[in-house]
Amino acid sequence: ELVPFGQPPADERARLTVVSKLVAAAQYCSSGDNTLEAIERAVEKVSTAGPADDRFVFAFSDANFERYGLTAQALGKAMNAQGPGSPDEVRCMLFLLATFEDEALIMANSLPDQVRLCLDPRTLPSELRQEFASRMGRRSAL
């Protein structure tokens, strides 16, 4: 667990530490793709964590989908398990840290509201901030 529920990073330095841990985990993890299972588990955990104004899951993948048979349909199903209209709605966003750009583009085009392509990891903190802010803005507009 990179960030315990209810204990968000307090400042920019703490957020950078979390992103650095994400990068390290991706570099040294075992071969295989656990994207679907990780999203399903995160959605379940967040949706049952108790009362909340909003629930978010931000997931990250290297976009090596073809090798493991991951489809846009399966990914969409996992990301929308607690979708709009559900009392425990969880808003999911997948960031593809694309080493397989063609596969990432296909997935991003298939799920444009939930998948973002990130070709330069240095832009990830600002992209996360932008996505979080835009999703919070959508909520306040409702």
# chains A, B, ... in the order shown; residues from 1 in each chain; ligands from 1

$ select_by_dssp --residues "stretch 10-133 of chain A" --states "alpha helix (DSSP H)" --output "PyMOL selection string"
chain A and resi 12-28+35-47+72-79+101-110+124-133

$ residues_around --residues "A:Asp62" --least-positions-apart "3" --cutoff "12 Å" --atoms "only C-alpha atoms" --output "tab-separated table (two decimals) with C-alpha atoms, in the first residue's frame"
chain	number	residue	atom	x	y	z
A	22	LEU	CA	5.44	3.86	-7.95
A	23	VAL	CA	8.28	4.12	-10.45
A	25	ALA	CA	7.72	-0.75	-7.99
A	26	ALA	CA	7.12	-0.76	-11.74
A	27	GLN	CA	10.82	-1.20	-12.49
A	29	CYS	CA	8.15	-6.03	-10.10
A	31	SER	CA	6.82	-10.20	-15.01
A	32	GLY	CA	3.11	-10.44	-15.70
A	33	ASP	CA	0.22	-8.06	-15.85
A	34	ASN	CA	-1.96	-7.52	-12.81
A	35	THR	CA	-3.70	-4.38	-14.09
A	59	ALA	CA	-4.05	3.12	-11.65
A	65	PHE	CA	-1.68	-5.45	-22.94
A	66	GLU	CA	-1.44	-7.61	-26.03
A	67	ARG	CA	1.15	-9.89	-24.43
A	68	TYR	CA	-1.28	-10.72	-21.61
A	94	LEU	CA	-5.70	4.62	-15.75
A	95	PHE	CA	-2.40	6.24	-16.65
A	96	LEU	CA	-0.42	4.36	-19.25
A	97	LEU	CA	3.27	4.91	-18.74
A	98	ALA	CA	3.70	3.84	-22.30
A	99	THR	CA	6.58	1.73	-23.31
A	100	PHE	CA	4.22	0.13	-25.82
A	101	GLU	CA	2.84	3.28	-27.39
A	102	ASP	CA	0.71	1.61	-30.10
A	103	GLU	CA	-1.11	-0.56	-27.55
A	104	ALA	CA	-1.50	2.41	-25.23
A	105	LEU	CA	-3.04	4.54	-27.98
A	107	MET	CA	-6.61	1.60	-25.14
A	116	ARG	CA	-4.51	8.75	-20.25
A	117	LEU	CA	-1.30	8.20	-22.16
A	118	CYS	CA	1.83	9.43	-20.37
A	119	LEU	CA	4.89	9.29	-22.61
A	121	PRO	CA	6.97	10.41	-16.66

$ residues_around --residues "A:Leu16" --least-positions-apart "4" --cutoff "8 Å" --atoms "only C-alpha atoms" --output "VMD selection string"
chain A and resid 12 20 125

$ select_by_dssp --residues "stretch 35-123 of chain A" --states "strand (DSSP E)" --output "list in words"
Phe56, Val57, Phe58, Ala59, Phe60, Ser61, Arg91, Cys92, Met93, Leu94, Phe95, Leu96, Leu97, Val115, Arg116, Leu117 and Cys118 of chain A

$ closest_residue --among "A:Arg55, A:Arg122, A:Arg129, A:Arg91" --to "A:Gly76" --atoms "only C-alpha atoms"
A:Arg91

$ closest_residue --among "A:Leu75, A:Ala108, A:Leu124, A:Cys92" --to "A:Val57" --atoms "only C-alpha atoms"
A:Cys92

$ closest_residue --among "A:Ala24, A:Glu40, A:Val19, A:Ala72" --to "A:Leu111" --atoms "only C-alpha atoms"
A:Ala72

$ residues_around --residues "A:Val46" --least-positions-apart "5" --cutoff "9 Å" --atoms "only C-alpha atoms" --output "list in words"
Phe5, Arg41, Arg55, Phe56, Val57, Asp88 and Val90 of chain A

$ atom_distance --atom1 "atom CA of A:Ile106" --atom2 "atom CA of A:Glu127"
19.5 Å

$ atom_distance --atom1 "atom CA of A:Val18" --atom2 "atom CA of A:Glu1"
10.2 Å

$ atom_distance --atom1 "atom CA of A:Phe60" --atom2 "atom CA of A:Pro9"
18.1 Å
